[in-house]
$ cat final_6.txt   # compact mmCIF, C-alpha atoms
# COMPACT_ATOMS: atom_id res chain seq x y z
CA MET T 15 -9.72 -22.62 -78.08
CA LEU T 16 -8.82 -19.88 -75.60
CA ASP T 17 -9.10 -21.06 -71.99
CA PHE T 18 -10.68 -18.05 -70.29
CA SER T 19 -10.09 -19.43 -66.80
CA SER T 20 -6.35 -19.68 -67.48
CA VAL T 21 -6.29 -16.12 -68.82
CA LEU T 22 -8.19 -14.93 -65.74
CA ALA T 23 -5.78 -16.74 -63.43
CA SER T 24 -2.83 -15.12 -65.18
CA ALA T 25 -4.45 -11.68 -64.89
CA VAL T 26 -5.18 -12.24 -61.20
CA HIS T 27 -1.55 -13.21 -60.63
CA ASP T 28 -0.34 -10.01 -62.31
CA MET T 29 -2.77 -7.88 -60.31
CA LYS T 30 -1.62 -9.54 -57.09
CA ASN T 31 2.00 -8.70 -57.85
CA SER T 32 1.08 -5.08 -58.60
CA LEU T 33 -0.84 -4.82 -55.35
CA CYS T 34 2.15 -6.14 -53.40
CA LEU T 35 4.26 -3.34 -54.86
CA LEU T 36 1.53 -0.83 -54.01
CA LEU T 37 1.40 -2.06 -50.41
CA GLN T 38 5.17 -1.71 -50.10
CA SER T 39 4.96 1.85 -51.45
CA ILE T 40 2.22 2.75 -48.98
CA GLU T 41 4.30 1.40 -46.08
CA THR T 42 7.34 3.38 -47.23
CA LEU T 43 5.28 6.54 -47.64
CA SER T 44 3.72 6.06 -44.22
CA THR T 45 7.16 5.91 -42.62
CA GLU T 46 8.22 9.12 -44.36
CA VAL T 47 5.12 11.06 -43.25
CA ALA T 48 4.95 9.59 -39.75
CA ASP T 49 5.32 13.01 -38.13
CA MET T 50 2.73 14.73 -40.31
CA ASP T 51 -0.94 15.36 -39.67
CA ASP T 52 -2.75 12.39 -38.11
CA SER T 53 -5.44 12.59 -40.78
CA VAL T 54 -2.83 11.83 -43.46
CA SER T 55 -1.66 8.78 -41.52
CA GLU T 56 -5.24 7.63 -41.05
CA GLN T 57 -5.93 7.89 -44.77
CA LEU T 58 -2.77 5.95 -45.61
CA ALA T 59 -3.72 3.25 -43.11
CA SER T 60 -7.18 3.03 -44.66
CA ILE T 61 -5.72 2.71 -48.17
CA HIS T 62 -3.30 0.05 -46.92
CA TYR T 63 -6.18 -1.88 -45.34
CA GLU T 64 -8.32 -1.84 -48.48
CA ALA T 65 -5.35 -2.84 -50.66
CA SER T 66 -4.59 -5.71 -48.28
CA ARG T 67 -8.19 -6.92 -48.48
CA LEU T 68 -8.12 -6.77 -52.26
CA ASN T 69 -4.81 -8.64 -52.35
CA THR T 70 -6.24 -11.35 -50.10
CA SER T 71 -9.33 -11.69 -52.29
CA LEU T 72 -7.15 -12.11 -55.37
CA MET T 73 -5.19 -14.80 -53.56
CA HIS T 74 -8.47 -16.53 -52.72
CA ILE T 75 -9.48 -16.56 -56.38
CA LEU T 76 -6.08 -17.78 -57.56
CA SER T 77 -5.91 -20.54 -54.96
CA LEU T 78 -9.46 -21.71 -55.69
CA TYR T 79 -8.62 -21.84 -59.39
CA ARG T 80 -5.56 -23.98 -58.67
CA ALA T 81 -7.55 -26.20 -56.31
CA GLY T 82 -10.17 -26.72 -59.02
CA ARG T 83 -7.41 -27.92 -61.33
CA GLU T 84 -5.84 -29.95 -58.53
CA GLN T 85 -2.79 -27.71 -58.75
CA LEU T 86 -3.00 -26.05 -55.33
CA PRO T 87 0.62 -26.12 -54.18
CA ILE T 88 0.92 -27.61 -50.70
CA ASN T 89 4.46 -27.25 -49.41
CA ILE T 90 4.70 -28.78 -45.96
CA ASP T 91 7.82 -28.08 -43.93
CA GLU T 92 8.78 -27.38 -40.33
CA TYR T 93 8.30 -23.79 -39.19
CA TYR T 94 8.71 -22.05 -35.86
CA MET T 95 5.50 -20.46 -34.72
CA ASP T 96 7.10 -17.29 -33.39
CA ASP T 97 8.48 -16.58 -36.87
CA LEU T 98 5.11 -17.29 -38.49
CA ILE T 99 3.20 -15.02 -36.12
CA ASP T 100 5.84 -12.29 -36.45
CA GLU T 101 5.38 -12.40 -40.23
CA VAL T 102 1.59 -12.06 -40.01
CA VAL T 103 1.79 -9.21 -37.48
CA ALA T 104 4.47 -7.37 -39.47
CA THR T 105 2.25 -7.45 -42.55
CA ASN T 106 -0.45 -5.59 -40.61
CA GLN T 107 1.72 -3.52 -38.25
CA MET T 108 0.90 -0.26 -39.98
CA TYR T 109 -2.85 -0.74 -39.58
CA ILE T 110 -2.42 -1.95 -35.98
CA ASP T 111 -0.41 1.15 -35.08
CA ARG T 112 -2.77 3.60 -36.78
CA LYS T 113 -5.79 2.14 -34.97
CA LYS T 114 -3.82 2.07 -31.70
CA MET T 115 -4.74 -1.56 -31.11
CA ALA T 116 -3.49 -3.51 -28.10
CA LEU T 117 -2.17 -6.83 -29.43
CA ASN T 118 -1.45 -9.61 -26.94
CA ILE T 119 0.51 -12.64 -28.23
CA THR T 120 0.89 -15.87 -26.26
CA LEU T 121 2.76 -18.90 -27.57
CA GLN T 122 4.82 -21.79 -26.30
CA ASP T 123 8.59 -21.34 -26.43
CA ASP T 124 10.35 -22.94 -29.40
CA LEU T 125 7.09 -24.36 -30.74
CA SER T 126 7.42 -25.62 -34.31
CA TRP T 127 5.02 -27.46 -36.61
CA TYR T 128 4.86 -28.99 -40.06
CA LEU T 129 2.60 -26.88 -42.27
CA ASP T 130 2.39 -24.80 -45.44
CA ASN T 131 3.73 -21.47 -44.24
CA GLU T 132 2.47 -19.40 -47.19
CA LEU T 133 -1.10 -20.69 -47.05
CA VAL T 134 -1.37 -20.52 -43.26
CA CYS T 135 0.03 -16.97 -43.22
CA LEU T 136 -2.48 -15.98 -45.89
CA LEU T 137 -5.34 -17.43 -43.85
CA LEU T 138 -4.22 -15.79 -40.60
CA ASN T 139 -3.59 -12.49 -42.35
CA ASP T 140 -7.21 -12.41 -43.47
CA ILE T 141 -8.43 -13.23 -39.96
CA LEU T 142 -6.21 -10.60 -38.34
CA ILE T 143 -7.26 -7.92 -40.83
CA ASN T 144 -10.91 -8.51 -39.97
CA ALA T 145 -10.15 -8.55 -36.24
CA ILE T 146 -8.40 -5.19 -36.54
CA ARG T 147 -11.31 -3.77 -38.48
CA TYR T 148 -14.11 -4.91 -36.19
CA SER T 149 -12.50 -4.89 -32.73
CA LYS T 150 -12.66 -1.90 -30.41
CA LYS T 151 -9.13 -2.00 -29.02
CA ASN T 152 -7.97 -5.48 -27.97
CA ILE T 153 -6.82 -8.48 -30.00
CA ALA T 154 -5.19 -11.65 -28.69
CA ILE T 155 -3.29 -14.30 -30.64
CA SER T 156 -2.65 -17.59 -28.86
CA VAL T 157 -0.62 -20.50 -30.22
CA TYR T 158 -0.58 -23.81 -28.36
CA THR T 159 -0.96 -27.57 -28.78
CA ASP T 160 -4.01 -29.56 -27.77
CA ASN T 161 -4.61 -33.28 -28.31
CA ASN T 162 -1.63 -33.54 -30.68
CA GLN T 163 -2.87 -30.66 -32.81
CA LEU T 164 -1.55 -27.16 -33.35
CA CYS T 165 -4.08 -24.50 -32.35
CA ILE T 166 -3.79 -20.89 -33.49
CA GLN T 167 -6.48 -18.69 -31.96
CA VAL T 168 -7.37 -15.09 -32.75
CA GLU T 169 -9.92 -13.28 -30.59
CA ASP T 170 -11.04 -9.67 -30.24
CA ASP T 171 -13.32 -7.38 -28.26
CA GLY T 172 -15.68 -6.53 -31.12
CA ASN T 173 -19.35 -7.41 -31.45
CA GLY T 174 -18.65 -11.00 -32.48
CA TYR T 175 -19.55 -12.96 -35.58
CA PRO T 176 -23.06 -12.56 -37.00
CA GLN T 177 -25.17 -15.69 -36.72
CA SER T 178 -25.14 -16.13 -40.50
CA MET T 179 -21.35 -16.61 -40.43
CA LEU T 180 -21.54 -19.10 -37.57
CA ASP T 181 -24.22 -21.04 -39.45
CA ALA T 182 -22.17 -21.00 -42.66
CA ASN T 183 -19.11 -22.36 -40.86
CA ALA T 184 -21.20 -25.19 -39.43
CA SER T 185 -22.30 -26.33 -42.90
CA GLU T 186 -20.62 -29.03 -44.94
CA MET T 187 -17.94 -28.05 -47.46
CA GLN T 188 -20.11 -28.95 -50.45
CA ASP T 189 -22.96 -26.84 -49.07
CA PHE T 190 -20.96 -23.61 -48.89
CA ASP T 191 -22.76 -20.71 -50.56
CA LEU T 192 -20.07 -18.66 -52.30
CA SER T 193 -22.72 -16.26 -53.63
CA THR T 194 -22.71 -14.54 -50.23
CA GLY T 195 -19.65 -12.61 -51.41
CA ARG T 196 -16.31 -12.14 -49.78
CA THR T 197 -17.46 -13.59 -46.44
CA GLY T 198 -18.49 -16.89 -48.01
CA LEU T 199 -15.34 -17.00 -50.11
CA GLY T 200 -13.14 -16.29 -47.10
CA LEU T 201 -14.72 -19.04 -45.01
CA TYR T 202 -14.49 -21.54 -47.86
CA PHE T 203 -10.86 -20.64 -48.42
CA ALA T 204 -9.99 -20.91 -44.71
CA ARG T 205 -11.53 -24.35 -44.44
CA MET T 206 -9.88 -25.46 -47.69
CA ILE T 207 -6.45 -24.49 -46.33
CA ALA T 208 -7.11 -26.19 -43.00
CA MET T 209 -8.33 -29.42 -44.64
CA SER T 210 -5.34 -29.50 -46.99
CA HIS T 211 -3.23 -30.25 -43.91
CA GLU T 212 -3.67 -33.94 -43.13
CA ARG T 213 -1.77 -36.44 -41.02
CA ASN T 214 -2.67 -40.02 -40.13
CA GLY T 215 -6.12 -39.56 -41.64
CA ILE T 216 -6.88 -36.45 -39.57
CA GLN T 217 -7.56 -33.18 -41.41
CA GLY T 218 -7.16 -29.66 -40.16
CA SER T 219 -10.24 -27.63 -39.24
CA ILE T 220 -11.45 -24.17 -38.29
CA GLU T 221 -13.71 -23.19 -35.42
CA MET T 222 -15.63 -19.95 -34.93
CA GLU T 223 -17.54 -18.77 -31.91
CA ASN T 224 -18.41 -15.70 -29.89
CA GLY T 225 -17.22 -15.09 -26.35
CA GLY T 226 -13.68 -15.85 -25.30
CA TYR T 227 -11.61 -13.63 -23.03
CA TYR T 228 -12.76 -10.36 -24.63
CA GLY T 229 -16.36 -11.33 -25.34
CA GLY T 230 -16.04 -10.81 -29.10
CA SER T 231 -15.25 -13.13 -32.00
CA VAL T 232 -12.99 -16.16 -31.57
CA PHE T 233 -11.37 -17.88 -34.56
CA ARG T 234 -9.40 -21.09 -34.12
CA LEU T 235 -7.27 -22.93 -36.68
CA LYS T 236 -6.42 -26.54 -35.76
CA LEU T 237 -3.77 -28.48 -37.68
CA PRO T 238 -2.78 -32.12 -37.12

$ encode --input "final_6.txt" --output "structure tokens"
Amino acid sequence: MLDFSSVLASAVHDMKNSLCLLLQSIETLSTEVADMDDSVSEQLASIHYEASRLNTSLMHILSLYRAGREQLPINIDEYYMDDLIDEVVATNQMYIDRKKMALNITLQDDLSWYLDNELVCLLLNDILINAIRYSKKNIAISVYTDNNQLCIQVEDDGNGYPQSMLDANASEMQDFDLSTGRTGLGLYFARMIAMSHERNGIQGSIEMENGGYYGGSVFRLKLP
């Protein structure tokens, strides 16, 4: 009997790889036409943004499939936070530059933590993409430790999270409504990644609120 879910997972994996190649091509093309008309650069940045969102959604689907089969790969190792943040920013540098965003990064010197680098980067990439899209000009990324936990905070000067998102994040994991579309899927995925990090009986978590330094949305990932 053909396992449709396995076929779908394989197809999603292939599409993800193709999108990665497409994103690389867009970045290369953007560099080559950097001195051309601004409208061309804006269109390339927009295409890059939409392709990045699609790639992230495919990663959500693939990871949820693996989690459902208890095959979600969790590879915990020690990573330096400046390298991790540099990787996330570099992935979105083209979109940041085209929107002329002011990005402020604050982190402790030589701070390292044990985590799954791939999953955490994927989570933060999704958060940063949305911050770039909805902020007016300013985004801040802060990395610090609090109460023996790693805290990675992303805040912007946009209009903040809608109340429906704040309510969804406050609900229990089993009560998540994935029928709300990409927003529900993204929140579920973010919490799943956070909770997959556990130490001494303490699981990771995510926090969302409005306010912060810029008065917009504030997202916080906390890992034990």

$ residues_around --input "final_6.txt" --residues "segment 159-171 of chain T" --least-positions-apart "4" --cutoff "8 Å" --atoms "all atoms listed in the file" --output "list in words"
Trp127, Ile141, Leu142, Ala145, Ser149, Lys150, Lys151, Asn152, Ile153, Ala154, Ile155, Gly226, Tyr227, Tyr228, Gly229, Gly230, Ser231, Val232, Phe233, Arg234, Leu235, Lys236, Leu237 and Pro238 of chain T

$ atom_distance --input "final_6.txt" --atom1 "atom CA of Thr42 of chain T" --atom2 "atom CA of Met115 of chain T"
20.7 Å

$ atom_distance --input "final_6.txt" --atom1 "atom CA of Asn131 of chain T" --atom2 "atom CA of His211 of chain T"
11.2 Å

$ atom_distance --input "final_6.txt" --atom1 "atom CA of Tyr109 of chain T" --atom2 "atom CA of His62 of chain T"
7.4 Å

$ closest_residue --input "final_6.txt" --among "T:Ile207, T:Ile40, T:Val134, T:Leu125" --to "Ser219 of chain T" --atoms "only C-alpha atoms"
T:Ile207

$ closest_residue --input "final_6.txt" --among "T:Leu121, T:Ile216, T:Ala116, T:Met209" --to "Met95 of chain T" --atoms "all atoms listed in the file"
T:Leu121

$ closest_residue --input "final_6.txt" --among "T:Gln38, T:Gln177, T:Thr70, T:Ser32" --to "Asn144 of chain T" --atoms "all atoms listed in the file"
T:Thr70

$ residues_near_point --input "final_6.txt" --point "(6.1, -27.9, -41.6)" --cutoff "6 Å" --atoms "all atoms listed in the file" --output "compact mmCIF listing (two decimals) with C-alpha atoms, in the frame of the given file"
# COMPACT_ATOMS: atom_id res chain seq x y z
CA ILE T 90 4.70 -28.78 -45.96
CA ASP T 91 7.82 -28.08 -43.93
CA GLU T 92 8.78 -27.38 -40.33
CA TYR T 93 8.30 -23.79 -39.19
CA TRP T 127 5.02 -27.46 -36.61
CA TYR T 128 4.86 -28.99 -40.06
CA LEU T 129 2.60 -26.88 -42.27

$ closest_residue --input "final_6.txt" --among "T:Asn173, T:Leu68, T:Cys135, T:Asp100" --to "Ala208 of chain T" --atoms "only C-alpha atoms"
T:Cys135

$ build_atoms --input "final_6.txt" --residues "segment 198-214 of chain T" --atoms "N, CA and C atoms" --output "PDB file, keeping the file's coordinate frame"
ATOM      1  N   GLY T 198     -18.394 -15.478 -47.656  1.00  0.00           N
ATOM      2  CA  GLY T 198     -18.490 -16.890 -48.010  1.00  0.00           C
ATOM      3  C   GLY T 198     -17.215 -17.413 -48.618  1.00  0.00           C
ATOM      4  N   LEU T 199     -16.598 -16.609 -49.476  1.00  0.00           N
ATOM      5  CA  LEU T 199     -15.340 -17.000 -50.110  1.00  0.00           C
ATOM      6  C   LEU T 199     -14.238 -17.157 -49.074  1.00  0.00           C
ATOM      7  N   GLY T 200     -14.167 -16.226 -48.134  1.00  0.00           N
ATOM      8  CA  GLY T 200     -13.140 -16.290 -47.100  1.00  0.00           C
ATOM      9  C   GLY T 200     -13.266 -17.520 -46.225  1.00  0.00           C
ATOM     10  N   LEU T 201     -14.494 -17.858 -45.834  1.00  0.00           N
ATOM     11  CA  LEU T 201     -14.720 -19.040 -45.010  1.00  0.00           C
ATOM     12  C   LEU T 201     -14.372 -20.315 -45.769  1.00  0.00           C
ATOM     13  N   TYR T 202     -14.789 -20.370 -47.024  1.00  0.00           N
ATOM     14  CA  TYR T 202     -14.490 -21.540 -47.860  1.00  0.00           C
ATOM     15  C   TYR T 202     -12.989 -21.714 -47.990  1.00  0.00           C
ATOM     16  N   PHE T 203     -12.304 -20.618 -48.240  1.00  0.00           N
ATOM     17  CA  PHE T 203     -10.860 -20.640 -48.420  1.00  0.00           C
ATOM     18  C   PHE T 203     -10.159 -21.078 -47.134  1.00  0.00           C
ATOM     19  N   ALA T 204     -10.600 -20.548 -45.995  1.00  0.00           N
ATOM     20  CA  ALA T 204      -9.990 -20.910 -44.710  1.00  0.00           C
ATOM     21  C   ALA T 204     -10.137 -22.394 -44.437  1.00  0.00           C
ATOM     22  N   ARG T 205     -11.329 -22.918 -44.688  1.00  0.00           N
ATOM     23  CA  ARG T 205     -11.530 -24.350 -44.440  1.00  0.00           C
ATOM     24  C   ARG T 205     -10.744 -25.192 -45.439  1.00  0.00           C
ATOM     25  N   MET T 206     -10.643 -24.730 -46.676  1.00  0.00           N
ATOM     26  CA  MET T 206      -9.880 -25.460 -47.690  1.00  0.00           C
ATOM     27  C   MET T 206      -8.417 -25.568 -47.277  1.00  0.00           C
ATOM     28  N   ILE T 207      -7.846 -24.466 -46.780  1.00  0.00           N
ATOM     29  CA  ILE T 207      -6.450 -24.490 -46.330  1.00  0.00           C
ATOM     30  C   ILE T 207      -6.288 -25.426 -45.141  1.00  0.00           C
ATOM     31  N   ALA T 208      -7.201 -25.326 -44.185  1.00  0.00           N
ATOM     32  CA  ALA T 208      -7.110 -26.190 -43.000  1.00  0.00           C
ATOM     33  C   ALA T 208      -7.177 -27.663 -43.400  1.00  0.00           C
ATOM     34  N   MET T 209      -8.130 -28.019 -44.260  1.00  0.00           N
ATOM     35  CA  MET T 209      -8.330 -29.420 -44.640  1.00  0.00           C
ATOM     36  C   MET T 209      -7.205 -29.946 -45.525  1.00  0.00           C
ATOM     37  N   SER T 210      -6.454 -29.055 -46.161  1.00  0.00           N
ATOM     38  CA  SER T 210      -5.340 -29.500 -46.990  1.00  0.00           C
ATOM     39  C   SER T 210      -4.184 -30.020 -46.136  1.00  0.00           C
ATOM     40  N   HIS T 211      -4.222 -29.721 -44.847  1.00  0.00           N
ATOM     41  CA  HIS T 211      -3.230 -30.250 -43.910  1.00  0.00           C
ATOM     42  C   HIS T 211      -3.798 -31.531 -43.292  1.00  0.00           C
ATOM     43  N   GLU T 212      -3.163 -32.642 -43.583  1.00  0.00           N
ATOM     44  CA  GLU T 212      -3.670 -33.940 -43.130  1.00  0.00           C
ATOM     45  C   GLU T 212      -2.516 -34.807 -42.632  1.00  0.00           C
ATOM     46  N   ARG T 213      -2.765 -35.510 -41.541  1.00  0.00           N
ATOM     47  CA  ARG T 213      -1.770 -36.440 -41.020  1.00  0.00           C
ATOM     48  C   ARG T 213      -2.479 -37.603 -40.332  1.00  0.00           C
ATOM     49  N   ASN T 214      -2.092 -38.801 -40.706  1.00  0.00           N
ATOM     50  CA  ASN T 214      -2.670 -40.020 -40.130  1.00  0.00           C
ATOM     51  C   ASN T 214      -4.197 -40.029 -40.245  1.00  0.00           C
TER      52      ASN T 214
END
